[in-house]
$ cat data_9.cif   # mmCIF, C-alpha atoms
data_input
#
loop_
_atom_site.label_atom_id
_atom_site.label_comp_id
_atom_site.auth_asym_id
_atom_site.auth_seq_id
_atom_site.Cartn_x
_atom_site.Cartn_y
_atom_site.Cartn_z
CA MET A 1 0.00 0.00 0.00
CA GLN A 2 1.19 3.52 -0.65
CA SER A 3 2.44 5.44 2.34
CA ASP A 4 0.04 8.26 1.51
CA VAL A 5 -2.82 5.94 2.47
CA ASN A 6 -1.97 6.60 6.09
CA SER A 7 -1.74 10.39 5.86
CA GLY A 8 -4.88 12.25 6.84
CA ILE A 9 -7.53 13.34 4.39
CA GLY A 10 -6.99 16.91 5.58
CA ASP A 11 -3.27 16.68 4.78
CA ARG A 12 -4.05 15.56 1.25
CA ILE A 13 -6.61 18.34 0.71
CA ALA A 14 -4.25 21.00 2.07
CA ARG A 15 -1.31 19.76 0.00
CA LEU A 16 -3.33 19.74 -3.22
CA ARG A 17 -4.90 23.10 -2.42
CA ARG A 18 -1.48 24.72 -1.97
CA ARG A 19 -0.23 23.04 -5.14
CA ARG A 20 -3.14 24.66 -6.99
CA ASP A 21 -2.28 28.01 -5.33
CA LEU A 22 -5.73 28.22 -3.72
CA THR A 23 -6.73 29.70 -0.39
CA GLN A 24 -9.20 27.84 1.80
CA GLU A 25 -11.79 30.47 0.90
CA ARG A 26 -11.18 30.03 -2.83
CA LEU A 27 -11.34 26.22 -2.60
CA ALA A 28 -14.61 26.50 -0.69
CA GLU A 29 -16.01 28.80 -3.36
CA GLN A 30 -14.94 26.57 -6.26
CA SER A 31 -16.32 23.43 -4.61
CA GLY A 32 -19.55 25.02 -3.40
CA LEU A 33 -18.75 24.20 0.25
CA SER A 34 -18.43 26.31 3.35
CA VAL A 35 -15.01 27.54 4.45
CA ASP A 36 -15.74 25.91 7.81
CA THR A 37 -16.01 22.48 6.16
CA VAL A 38 -12.70 22.92 4.34
CA ARG A 39 -11.01 24.22 7.49
CA LYS A 40 -12.26 21.37 9.71
CA LEU A 41 -11.13 18.76 7.21
CA GLU A 42 -7.69 20.31 6.81
CA GLN A 43 -7.23 20.70 10.55
CA GLY A 44 -8.15 17.07 11.16
CA GLN A 45 -11.25 17.89 13.17
CA ARG A 46 -13.09 15.64 10.71
CA GLN A 47 -11.74 12.48 9.09
CA THR A 48 -15.03 11.50 7.49
CA ALA A 49 -17.05 13.51 5.01
CA ARG A 50 -20.00 12.91 2.76
CA LEU A 51 -19.01 11.47 -0.58
CA ALA A 52 -20.83 14.39 -2.17
CA THR A 53 -18.41 16.67 -0.30
CA LEU A 54 -15.38 14.66 -1.37
CA ASN A 55 -16.54 14.65 -4.99
CA ALA A 56 -17.02 18.42 -4.89
CA LEU A 57 -13.51 18.90 -3.49
CA ALA A 58 -12.06 16.46 -6.02
CA ARG A 59 -13.63 18.40 -8.91
CA ALA A 60 -12.30 21.70 -7.56
CA LEU A 61 -8.81 20.21 -7.07
CA ASP A 62 -8.92 18.39 -10.44
CA VAL A 63 -8.20 14.93 -9.03
CA GLU A 64 -10.11 11.67 -8.75
CA PRO A 65 -11.91 11.14 -5.41
CA SER A 66 -9.67 8.18 -4.57
CA VAL A 67 -6.72 10.60 -4.32
CA LEU A 68 -8.47 12.42 -1.47
CA VAL A 69 -9.72 9.41 0.45
CA GLY A 70 -6.33 7.72 0.66
CA GLN A 71 -7.44 4.55 -1.07
CA PRO A 72 -4.90 1.68 -1.10
CA THR A 73 -3.46 1.40 -4.60
CA THR A 74 -1.50 -1.86 -4.39
CA PHE A 75 -2.17 -5.38 -3.17
CA GLU A 76 -0.88 -6.37 0.24
CA ALA A 77 2.09 -8.71 0.50
CA ARG A 78 1.28 -12.40 0.92
CA GLN A 79 3.23 -15.13 2.70
CA ASP A 80 2.27 -18.06 0.46
CA GLY A 81 4.67 -17.30 -2.38
CA ASN A 82 1.89 -16.15 -4.76
CA ALA A 83 2.29 -12.39 -4.90
CA PRO A 84 -0.71 -10.52 -6.32
CA SER A 85 0.33 -7.76 -8.70
CA VAL A 86 -1.45 -4.69 -10.00
CA LEU A 87 1.06 -4.64 -12.86
CA ALA A 88 0.19 -8.23 -13.82
CA LEU A 89 -3.51 -7.34 -13.82
CA ARG A 90 -2.86 -4.25 -15.95
CA GLN A 91 -0.80 -6.34 -18.38
CA ALA A 92 -3.59 -8.89 -18.67
CA VAL A 93 -6.16 -6.16 -19.37
CA SER A 94 -3.92 -4.23 -21.81
CA PRO A 95 -1.33 -6.62 -23.29
CA VAL A 96 1.35 -5.22 -25.59
CA SER A 97 0.60 -8.05 -28.03
CA ASP A 98 -2.59 -6.22 -29.03
CA LEU A 99 -0.60 -3.17 -30.12
CA LEU A 100 1.91 -5.33 -32.00
CA GLY A 101 -0.82 -7.30 -33.73
CA GLU A 102 0.43 -10.60 -32.33
CA GLU A 103 -2.02 -13.50 -32.14
CA PRO A 104 -1.87 -15.98 -29.24
CA ASP A 105 -0.80 -19.49 -30.15
CA PRO A 106 -1.38 -21.67 -27.09
CA GLU A 107 -0.18 -25.25 -27.29
CA MET A 108 -3.38 -26.44 -25.59
CA PRO A 109 -6.44 -24.19 -26.10
CA PRO A 110 -8.29 -23.69 -22.79
CA ASP A 111 -11.39 -25.79 -22.19
CA ILE A 112 -14.63 -23.77 -21.95
CA GLY A 113 -15.91 -25.81 -19.03
CA ALA A 114 -12.69 -25.24 -17.09
CA LEU A 115 -12.84 -21.51 -17.88
CA ARG A 116 -16.38 -21.29 -16.54
CA ALA A 117 -15.39 -23.13 -13.36
CA SER A 118 -12.46 -20.74 -12.86
CA LEU A 119 -14.75 -17.75 -13.37
CA ARG A 120 -17.27 -19.00 -10.80
CA SER A 121 -14.46 -19.60 -8.32
CA THR A 122 -13.06 -16.10 -8.90
CA GLU A 123 -16.48 -14.51 -8.42
CA LYS A 124 -16.96 -16.42 -5.16
CA ILE A 125 -13.58 -15.16 -3.95
CA ARG A 126 -14.50 -11.60 -4.89
CA ARG A 127 -17.80 -11.75 -2.98
CA ALA A 128 -15.85 -12.92 0.07
CA GLY A 129 -13.49 -9.93 -0.29
CA HIS A 130 -10.25 -11.91 -0.73
CA MET A 131 -8.47 -9.25 -2.78
CA GLY A 132 -5.08 -10.93 -2.82
CA GLU A 133 -6.44 -14.17 -4.25
CA ILE A 134 -8.19 -12.23 -7.00
CA GLY A 135 -4.92 -10.49 -7.82
CA VAL A 136 -3.21 -13.86 -8.22
CA LEU A 137 -5.89 -15.73 -10.18
CA LEU A 138 -7.50 -13.11 -12.38
CA PRO A 139 -4.59 -12.34 -14.77
CA HIS A 140 -4.37 -16.06 -15.64
CA LEU A 141 -8.13 -16.30 -16.20
CA ILE A 142 -8.14 -13.28 -18.52
CA ARG A 143 -5.23 -14.62 -20.59
CA ASP A 144 -6.81 -18.08 -20.85
CA ALA A 145 -10.18 -16.64 -21.88
CA ARG A 146 -8.52 -14.42 -24.49
CA ASP A 147 -6.69 -17.43 -25.90
CA ALA A 148 -9.95 -19.37 -26.06
CA VAL A 149 -11.67 -16.55 -27.95
CA HIS A 150 -8.83 -16.34 -30.49
CA THR A 151 -8.55 -20.09 -31.08
CA SER A 152 -12.23 -21.06 -31.25
CA GLN A 153 -15.10 -20.49 -33.67
CA GLY A 154 -18.87 -20.28 -33.64
CA ALA A 155 -20.69 -21.25 -30.46
CA GLU A 156 -17.47 -22.03 -28.58
CA ARG A 157 -16.08 -18.59 -29.38
CA ALA A 158 -19.29 -16.94 -28.18
CA ALA A 159 -19.12 -18.95 -24.94
CA ALA A 160 -15.47 -17.99 -24.43
CA SER A 161 -16.40 -14.34 -25.04
CA SER A 162 -18.96 -14.61 -22.22
CA VAL A 163 -16.28 -15.77 -19.79
CA LEU A 164 -13.91 -13.06 -21.00
CA ALA A 165 -16.55 -10.34 -20.57
CA GLU A 166 -17.21 -11.36 -16.97
CA ALA A 167 -13.49 -11.70 -16.20
CA TYR A 168 -12.89 -8.17 -17.48
CA GLN A 169 -15.74 -6.92 -15.28
CA VAL A 170 -14.13 -8.50 -12.22
CA ALA A 171 -10.87 -6.85 -13.26
CA ALA A 172 -12.62 -3.49 -13.55
CA THR A 173 -14.13 -3.68 -10.06
CA THR A 174 -10.82 -4.87 -8.58
CA LEU A 175 -8.80 -2.11 -10.23
CA ALA A 176 -11.35 0.55 -9.24
CA ALA A 177 -11.24 -0.70 -5.65
CA LEU A 178 -7.48 -0.09 -5.77
CA GLY A 179 -7.87 3.46 -7.06
CA GLN A 180 -6.77 2.43 -10.58
CA GLU A 181 -9.75 4.03 -12.30
CA ASP A 182 -8.05 4.50 -15.67
CA ALA A 183 -7.20 0.81 -15.95
CA ALA A 184 -10.69 -0.07 -14.69
CA PHE A 185 -12.24 1.98 -17.49
CA THR A 186 -10.08 0.15 -20.06
CA ALA A 187 -11.18 -3.18 -18.61
CA LEU A 188 -14.81 -2.09 -18.95
CA GLU A 189 -14.35 -1.12 -22.59
CA ARG A 190 -12.97 -4.57 -23.25
CA ALA A 191 -15.74 -6.20 -21.21
CA LEU A 192 -18.41 -4.49 -23.29
CA HIS A 193 -16.69 -5.50 -26.54
CA ALA A 194 -16.50 -9.13 -25.41
CA ALA A 195 -20.12 -9.04 -24.20
CA ARG A 196 -21.30 -8.00 -27.66
CA GLN A 197 -19.53 -11.03 -29.13
CA SER A 198 -20.90 -13.42 -26.49
CA ASP A 199 -23.83 -15.81 -26.28
CA ASP A 200 -25.38 -14.00 -23.30
CA PRO A 201 -27.51 -10.90 -23.99
CA HIS A 202 -27.48 -9.88 -20.31
CA LEU A 203 -23.71 -9.36 -20.11
CA GLU A 204 -23.80 -5.99 -21.86
CA THR A 205 -26.30 -4.72 -19.29
CA MET A 206 -24.08 -5.89 -16.43
CA GLY A 207 -21.13 -4.23 -18.14
CA ILE A 208 -23.03 -0.93 -18.28
CA SER A 209 -23.88 -1.30 -14.59
CA THR A 210 -20.21 -1.78 -13.73
CA LEU A 211 -19.29 1.12 -16.03
CA SER A 212 -21.64 3.35 -14.05
CA TRP A 213 -19.87 2.33 -10.83
CA VAL A 214 -16.41 2.98 -12.32
CA LEU A 215 -17.52 6.40 -13.56
CA THR A 216 -18.81 7.14 -10.05
CA LYS A 217 -15.41 6.19 -8.66
CA GLN A 218 -13.83 8.59 -11.15
CA GLY A 219 -16.07 11.39 -9.91
CA ARG A 220 -17.90 11.53 -13.26
CA LEU A 221 -21.25 11.49 -11.52
CA ALA A 222 -23.48 12.91 -14.26
CA ASP A 223 -22.02 10.41 -16.75
CA ALA A 224 -22.49 7.56 -14.26
CA GLU A 225 -26.13 8.45 -13.72
CA ARG A 226 -26.79 8.90 -17.44
CA VAL A 227 -25.32 5.59 -18.63
CA ALA A 228 -27.23 3.64 -15.98
CA LEU A 229 -30.55 5.37 -16.70
CA THR A 230 -30.15 5.11 -20.48
CA ARG A 231 -29.65 1.37 -20.23
CA ALA A 232 -32.45 1.00 -17.68
CA GLU A 233 -34.87 2.73 -20.03
CA ARG A 234 -33.81 0.43 -22.86
CA ILE A 235 -34.43 -2.78 -20.91
CA GLU A 236 -37.35 -1.64 -18.72
CA PRO A 237 -39.32 -4.80 -17.88
CA SER A 238 -42.93 -5.35 -17.11
CA PHE A 239 -43.69 -6.61 -13.63
CA ARG A 240 -44.48 -10.00 -15.16
CA SER A 241 -40.92 -10.28 -16.43
CA HIS A 242 -38.46 -12.94 -15.40
CA PRO A 243 -36.71 -12.24 -12.07
CA THR A 244 -33.35 -11.85 -13.86
CA ASP A 245 -34.77 -9.04 -16.00
CA LEU A 246 -36.25 -7.34 -12.94
CA ALA A 247 -32.95 -7.67 -11.09
CA LEU A 248 -30.86 -6.24 -13.93
CA TRP A 249 -33.18 -3.25 -14.18
CA GLY A 250 -33.14 -2.75 -10.43
CA ILE A 251 -29.34 -2.95 -10.26
CA LEU A 252 -29.09 -0.20 -12.87
CA LEU A 253 -31.51 1.99 -10.90
CA LEU A 254 -29.40 1.59 -7.75
CA ARG A 255 -26.26 2.49 -9.72
CA ALA A 256 -27.98 5.65 -10.96
CA ALA A 257 -29.14 6.45 -7.43
CA THR A 258 -25.58 6.08 -6.12
CA ALA A 259 -24.41 8.72 -8.58
CA ALA A 260 -27.45 10.92 -7.84
CA VAL A 261 -26.95 10.91 -4.07
CA ARG A 262 -23.37 12.12 -4.52
CA GLN A 263 -24.75 14.99 -6.58
CA GLU A 264 -27.15 15.76 -3.71
CA LYS A 265 -30.20 15.06 -5.90
CA GLU A 266 -32.33 13.72 -3.07
CA ALA A 267 -35.64 13.75 -4.97
CA ALA A 268 -34.11 11.67 -7.79
CA VAL A 269 -32.68 9.24 -5.25
CA GLU A 270 -36.09 8.75 -3.64
CA ASP A 271 -37.72 8.09 -7.03
CA LEU A 272 -35.08 5.62 -8.15
CA LEU A 273 -35.15 3.80 -4.82
CA SER A 274 -38.93 3.52 -5.02
CA LEU A 275 -38.77 1.96 -8.49
CA ALA A 276 -36.00 -0.44 -7.45
CA GLY A 277 -38.00 -1.36 -4.36
CA ALA A 278 -41.03 -2.19 -6.47
CA ALA A 279 -38.93 -4.51 -8.65
CA ALA A 280 -37.43 -6.15 -5.55
CA THR A 281 -40.86 -6.68 -4.00
CA ARG A 282 -42.05 -8.30 -7.20
CA MET A 283 -39.07 -10.69 -7.06
CA GLY A 284 -39.92 -11.64 -3.49
CA ARG A 285 -36.40 -12.59 -2.39
CA ASP A 286 -32.79 -11.68 -3.14
CA ARG A 287 -31.02 -13.45 -5.98
CA LEU A 288 -27.44 -13.42 -7.16
CA VAL A 289 -27.39 -12.12 -10.73
CA TYR A 290 -23.92 -12.32 -12.27
CA ALA A 291 -22.36 -12.28 -8.79
CA THR A 292 -24.41 -9.21 -7.76
CA PRO A 293 -27.27 -9.55 -5.26
CA PHE A 294 -30.60 -7.86 -5.85
CA GLY A 295 -33.89 -8.11 -3.98
CA PRO A 296 -35.63 -6.69 -0.90
CA THR A 297 -32.57 -7.03 1.35
CA ASN A 298 -30.11 -5.38 -1.03
CA VAL A 299 -32.55 -2.53 -1.74
CA GLY A 300 -32.93 -2.05 2.02
CA VAL A 301 -29.15 -1.96 2.44
CA ALA A 302 -28.87 0.54 -0.42
CA LYS A 303 -31.46 2.76 1.25
CA ILE A 304 -29.37 2.81 4.45
CA ASN A 305 -26.34 3.81 2.39
CA PHE A 306 -28.23 6.68 0.76
CA LEU A 307 -29.67 7.92 4.06
CA VAL A 308 -26.21 7.93 5.64
CA GLU A 309 -24.81 9.81 2.66
CA MET A 310 -27.61 12.39 3.01
CA GLU A 311 -26.66 12.77 6.69
CA ARG A 312 -30.01 11.42 7.87
CA SER A 313 -28.31 9.21 10.44
CA ASN A 314 -31.22 8.79 12.87
CA GLU A 315 -33.51 7.76 10.02
CA ALA A 316 -30.85 5.38 8.69
CA LEU A 317 -30.59 3.57 12.02
CA ARG A 318 -34.38 3.38 12.42
CA THR A 319 -34.73 2.02 8.90
CA ALA A 320 -31.97 -0.54 9.49
CA ARG A 321 -34.18 -2.31 12.03
CA SER A 322 -36.57 -3.33 9.24
CA VAL A 323 -34.02 -4.54 6.65
CA PRO A 324 -34.69 -8.28 6.28
CA ASP A 325 -32.15 -11.09 6.43
CA VAL A 326 -28.94 -9.04 6.11
CA ASN A 327 -26.82 -12.11 6.84
CA SER A 328 -28.01 -13.65 3.58
CA LEU A 329 -25.96 -11.09 1.63
CA PRO A 330 -22.46 -11.86 0.35
CA ALA A 331 -19.75 -11.02 2.87
CA THR A 332 -18.62 -7.79 1.22
CA TRP A 333 -22.16 -6.43 0.92
CA ASN A 334 -22.80 -7.27 4.56
CA ALA A 335 -19.55 -5.59 5.59
CA ARG A 336 -20.37 -2.45 3.61
CA TYR A 337 -23.75 -2.29 5.35
CA GLN A 338 -22.02 -2.50 8.75
CA VAL A 339 -19.66 0.32 7.74
CA ASP A 340 -22.70 2.47 6.92
CA LEU A 341 -24.12 1.75 10.37
CA ALA A 342 -20.75 2.71 11.86
CA LEU A 343 -20.86 6.01 9.97
CA ALA A 344 -24.37 6.73 11.25
CA HIS A 345 -23.44 5.94 14.86
CA ALA A 346 -20.24 7.98 14.59
CA ASP A 347 -22.20 10.94 13.21
CA LEU A 348 -24.44 10.75 16.29
CA LYS A 349 -21.35 10.49 18.56
CA ASP A 350 -22.24 6.97 19.67
CA ASP A 351 -18.69 5.74 19.32
CA ARG A 352 -19.23 2.45 21.15
CA ALA A 353 -21.95 1.37 18.72
CA ALA A 354 -19.85 2.62 15.78
CA VAL A 355 -16.89 0.48 16.85
CA GLN A 356 -19.13 -2.57 17.29
CA ALA A 357 -20.45 -2.09 13.74
CA LEU A 358 -16.89 -1.88 12.39
CA LEU A 359 -15.98 -5.06 14.23
CA ARG A 360 -18.96 -6.82 12.65
CA ALA A 361 -17.77 -5.59 9.25
CA GLU A 362 -14.29 -6.93 9.93
CA LYS A 363 -15.73 -10.29 11.00
CA ALA A 364 -17.68 -10.52 7.74
CA ALA A 365 -14.84 -9.52 5.39
CA PRO A 366 -11.51 -8.88 7.15
CA GLU A 367 -9.29 -8.53 4.08
CA TRP A 368 -11.81 -6.30 2.28
CA MET A 369 -11.80 -3.97 5.30
CA ARG A 370 -8.10 -3.25 4.86
CA TYR A 371 -8.71 -1.99 1.33
CA HIS A 372 -11.95 -0.08 1.90
CA ALA A 373 -11.31 3.65 2.14
CA THR A 374 -14.52 4.56 3.99
CA ALA A 375 -13.98 1.85 6.61
CA ARG A 376 -10.44 3.10 7.14
CA ARG A 377 -11.57 6.73 7.45
CA VAL A 378 -14.24 6.06 10.07
CA ALA A 379 -11.85 3.80 11.98
CA THR A 380 -9.27 6.61 11.96
CA GLU A 381 -11.78 9.13 13.28
CA LEU A 382 -12.98 6.81 16.03
CA ARG A 383 -9.42 5.96 17.04
CA ASP A 384 -8.51 9.65 17.21
CA ARG A 385 -11.46 10.25 19.56
CA GLU A 386 -10.51 7.33 21.81
CA ARG A 387 -8.61 8.39 24.94
CA ARG A 388 -7.64 4.92 26.15
CA ARG A 389 -4.41 3.44 24.87
CA SER A 390 -5.80 -0.09 24.96
CA SER A 391 -9.21 -0.34 23.31
CA PRO A 392 -11.02 -2.30 20.58
CA ILE A 393 -10.75 0.58 18.09
CA ASN A 394 -6.99 0.91 18.60
CA ALA A 395 -6.59 -2.82 18.04
CA LEU A 396 -8.76 -2.62 14.91
CA ALA A 397 -6.74 0.31 13.57
CA ASP A 398 -3.61 -1.78 14.01
CA ARG A 399 -5.15 -4.69 12.10
CA LEU A 400 -6.16 -2.28 9.30
CA HIS A 401 -2.56 -1.01 9.20
CA ILE A 402 -3.62 2.55 10.00
CA ASP A 403 -0.60 4.45 11.29
CA SER A 404 -0.79 6.97 14.15
#
$ encode --input "data_9.cif" --output "structure tokens"
Amino acid sequence: MQSDVNSGIGDRIARLRRRRDLTQERLAEQSGLSVDTVRKLEQGQRQTARLATLNALARALDVEPSVLVGQPTTFEARQDGNAPSVLALRQAVSPVSDLLGEEPDPEMPPDIGALRASLRSTEKIRRAGHMGEIGVLLPHLIRDARDAVHTSQGAERAAASSVLAEAYQVAATTLAALGQEDAAFTALERALHAARQSDDPHLETMGISTLSWVLTKQGRLADAERVALTRAERIEPSFRSHPTDLALWGILLLRAATAAVRQEKEAAVEDLLSLAGAAATRMGRDRLVYATPFGPTNVGVAKINFLVEMERSNEALRTARSVPDVNSLPATWNARYQVDLALAHADLKDDRAAVQALLRAEKAAPEWMRYHATARRVATELRDRERRRSSPINALADRLHIDS
């Protein structure tokens, strides 16, 4: 991980502001924020901030939001001899052979059944939040799927293209989680190209959904909202449609709402959440659709996230009591939900409850926690407010490798 991950968000804002030759007052004006907000962040009085605030500051400072939040940008070291590598993942997504016009010539073309099994295994690992394992396995899967596409014809080539499209999508989400938004965007372009050559008409929709998320990570919020809504309008189902069609539509609506909430478009968020909720109710239960859950539970979790982002912390905690069957969600979704509860409790100065929520998140997805910028920020703020030297939050900060 980069050393800058452990510097404070205020330090990063101040450094970039001075580099841009801006006063605090001028930065506040250009970002549409109060001078008090800028000052408190720079002085370390606040470690957490609404993502809408961070996006506004990132636009004014002409950087991607991940630069401000101190997101880890490399894989952690491993002790098993299999070192995950961002460079290897970048090379798999953008091989030089493409530029040189070289065609792969594998001695033994990969078997489609084996490729599909590898993809399912990789997706399971991703849902569990095992970032290092993804970093080891994914470059090999992408290269094997590319070889299969180049060496096969007809139905087999279409099937190989389906695996390749999904592998590129996993690469995009992994790279974006590491603050490598440019490489993530390239992976998404390749995912969409492969999806259009595949035998699965739903893969392009899932690619657009992931593209919306990557654009959100880049701070391109209007673009993120637009691509999700454009695709949602194109595939809008009836409420007699198959659950997969309802889920794909609902996932797109939640992606659009994520971008809208960071633009502080609360009315749009409420409308999108209502439509997604109707689709989820029609489905009756949560389903995994291309490794992404959608249904009543995931819509409930998304609502908590939006309420926390809108600083409606009391309402978020009240609403959380009625979210059904949270433990049925994949580990990383469950952990993200617990981080949102921690943010709400921390906002209300209930530090004990906030720490307990972070510990539940760590229990659900311990490795994911070490990479998740929001979890690290709230842990930092809670640790800085803790007066005891020996406490659960200090121990957690140590496990997350957060320096003093």
$ resolve_selection --input "data_9.cif" --expression "the PyMOL selection byres ((chain A and resi 256) around 9)" --output "count of residues only"
22
$ atom_distance --input "data_9.cif" --atom1 "CA of Val163 in chain A" --atom2 "CA of Ala276 in chain A"
27.9 Å
$ closest_atom_pairs --input "data_9.cif" --of "range 183-266 of chain A" --to "range 168-177 of chain A" --cutoff "9 Å" --atoms "only C-alpha atoms" --output "CSV"
residue,atom,partner,partner_atom,distance
A:Ala183,CA,A:Leu175,CA,6.6
A:Ala184,CA,A:Ala172,CA,4.1
A:Phe185,CA,A:Ala172,CA,6.8
A:Thr186,CA,A:Ala172,CA,7.9
A:Ala187,CA,A:Ala172,CA,5.3
A:Leu188,CA,A:Ala172,CA,6.0
A:Glu189,CA,A:Tyr168,CA,8.8
A:Arg190,CA,A:Tyr168,CA,6.8
A:Ala191,CA,A:Tyr168,CA,5.1
A:Leu192,CA,A:Gln169,CA,8.8
A:Ala194,CA,A:Tyr168,CA,8.8
A:Met206,CA,A:Gln169,CA,8.5
A:Gly207,CA,A:Gln169,CA,6.7
A:Thr210,CA,A:Gln169,CA,7.0
A:Leu211,CA,A:Ala172,CA,8.5
A:Trp213,CA,A:Thr173,CA,8.3
A:Val214,CA,A:Ala176,CA,6.4
A:Lys217,CA,A:Ala176,CA,7.0
A:Gln218,CA,A:Ala176,CA,8.6
$ resolve_selection --input "data_9.cif" --expression "the PyMOL selection byres ((chain A and resi 144) around 12)" --output "PyMOL selection string"
chain A and resi 92+104-112+114-116+118-119+137-143+145-151+160-161+163-164+167
$ atom_distance --input "data_9.cif" --atom1 "CA of Glu233 in chain A" --atom2 "CA of Ala268 in chain A"
15.2 Å
$ residues_around --input "data_9.cif" --residues "range 316-318 of chain A" --least-positions-apart "2" --cutoff "9 Å" --atoms "all atoms listed in the file" --output "list of chain:residue names"
A:Lys303, A:Ile304, A:Asn305, A:Phe306, A:Leu307, A:Val308, A:Glu311, A:Arg312, A:Ser313, A:Asn314, A:Ala320, A:Arg321, A:Ser322, A:Asp340, A:Leu341, A:Ala344, A:His345
$ closest_residue --input "data_9.cif" --among "A:Glu42, A:Glu76, A:Glu64, A:Glu156" --to "Met131 in chain A" --atoms "all atoms listed in the file"
A:Glu76
$ residues_around --input "data_9.cif" --residues "Glu29 in chain A" --least-positions-apart "4" --cutoff "12 Å" --atoms "only C-alpha atoms" --output "mmCIF file with C-alpha atoms, in the frame of the given file"
data_model
loop_
_atom_site.group_PDB
_atom_site.id
_atom_site.type_symbol
_atom_site.label_atom_id
_atom_site.label_comp_id
_atom_site.auth_asym_id
_atom_site.auth_seq_id
_atom_site.Cartn_x
_atom_site.Cartn_y
_atom_site.Cartn_z
ATOM 1 C CA LEU A 22 -5.730 28.220 -3.720
ATOM 2 C CA THR A 23 -6.730 29.700 -0.390
ATOM 3 C CA GLN A 24 -9.200 27.840 1.800
ATOM 4 C CA GLU A 25 -11.790 30.470 0.900
ATOM 5 C CA LEU A 33 -18.750 24.200 0.250
ATOM 6 C CA SER A 34 -18.430 26.310 3.350
ATOM 7 C CA VAL A 35 -15.010 27.540 4.450
ATOM 8 C CA ASP A 36 -15.740 25.910 7.810
ATOM 9 C CA THR A 37 -16.010 22.480 6.160
ATOM 10 C CA VAL A 38 -12.700 22.920 4.340
ATOM 11 C CA ALA A 56 -17.020 18.420 -4.890
ATOM 12 C CA LEU A 57 -13.510 18.900 -3.490
ATOM 13 C CA ALA A 60 -12.300 21.700 -7.560
ATOM 14 C CA LEU A 61 -8.810 20.210 -7.070
#
$ residues_around --input "data_9.cif" --residues "His401 in chain A" --least-positions-apart "3" --cutoff "8 Å" --atoms "all atoms listed in the file" --output "VMD selection string"
chain A and resid 370 397 to 398
$ resolve_selection --input "data_9.cif" --expression "the PyMOL selection byres ((chain A and resi 80-91) around 6)" --output "ChimeraX atom specification"
/A:78-79,92-95,132,135-136,139
$ atom_distance --input "data_9.cif" --atom1 "CA of Arg383 in chain A" --atom2 "CA of Pro65 in chain A"
23.2 Å
$ closest_residue --input "data_9.cif" --among "A:Leu178, A:Leu16, A:Met369, A:Ala232" --to "Gln71 in chain A" --atoms "all atoms listed in the file"
A:Leu178
$ closest_residue --input "data_9.cif" --among "A:Leu273, A:Ala165, A:Arg220, A:Leu400" --to "Glu204 in chain A" --atoms "all atoms listed in the file"
A:Ala165
$ residues_around --input "data_9.cif" --residues "Asp245 in chain A" --least-positions-apart "5" --cutoff "12 Å" --atoms "all atoms listed in the file" --output "PDB file with C-alpha atoms, in the frame of the given file"
ATOM      1  CA  PRO A 201     -27.510 -10.900 -23.990  1.00  0.00           C
ATOM      2  CA  HIS A 202     -27.480  -9.880 -20.310  1.00  0.00           C
ATOM      3  CA  LEU A 203     -23.710  -9.360 -20.110  1.00  0.00           C
ATOM      4  CA  THR A 205     -26.300  -4.720 -19.290  1.00  0.00           C
ATOM      5  CA  MET A 206     -24.080  -5.890 -16.430  1.00  0.00           C
ATOM      6  CA  ALA A 232     -32.450   1.000 -17.680  1.00  0.00           C
ATOM      7  CA  ARG A 234     -33.810   0.430 -22.860  1.00  0.00           C
ATOM      8  CA  ILE A 235     -34.430  -2.780 -20.910  1.00  0.00           C
ATOM      9  CA  GLU A 236     -37.350  -1.640 -18.720  1.00  0.00           C
ATOM     10  CA  PRO A 237     -39.320  -4.800 -17.880  1.00  0.00           C
ATOM     11  CA  SER A 238     -42.930  -5.350 -17.110  1.00  0.00           C
ATOM     12  CA  PHE A 239     -43.690  -6.610 -13.630  1.00  0.00           C
ATOM     13  CA  ARG A 240     -44.480 -10.000 -15.160  1.00  0.00           C
ATOM     14  CA  GLY A 250     -33.140  -2.750 -10.430  1.00  0.00           C
ATOM     15  CA  ILE A 251     -29.340  -2.950 -10.260  1.00  0.00           C
ATOM     16  CA  LEU A 252     -29.090  -0.200 -12.870  1.00  0.00           C
ATOM     17  CA  ALA A 279     -38.930  -4.510  -8.650  1.00  0.00           C
ATOM     18  CA  ALA A 280     -37.430  -6.150  -5.550  1.00  0.00           C
ATOM     19  CA  ARG A 282     -42.050  -8.300  -7.200  1.00  0.00           C
ATOM     20  CA  MET A 283     -39.070 -10.690  -7.060  1.00  0.00           C
ATOM     21  CA  ARG A 287     -31.020 -13.450  -5.980  1.00  0.00           C
ATOM     22  CA  VAL A 289     -27.390 -12.120 -10.730  1.00  0.00           C
ATOM     23  CA  TYR A 290     -23.920 -12.320 -12.270  1.00  0.00           C
ATOM     24  CA  PHE A 294     -30.600  -7.860  -5.850  1.00  0.00           C
TER      25      PHE A 294
END
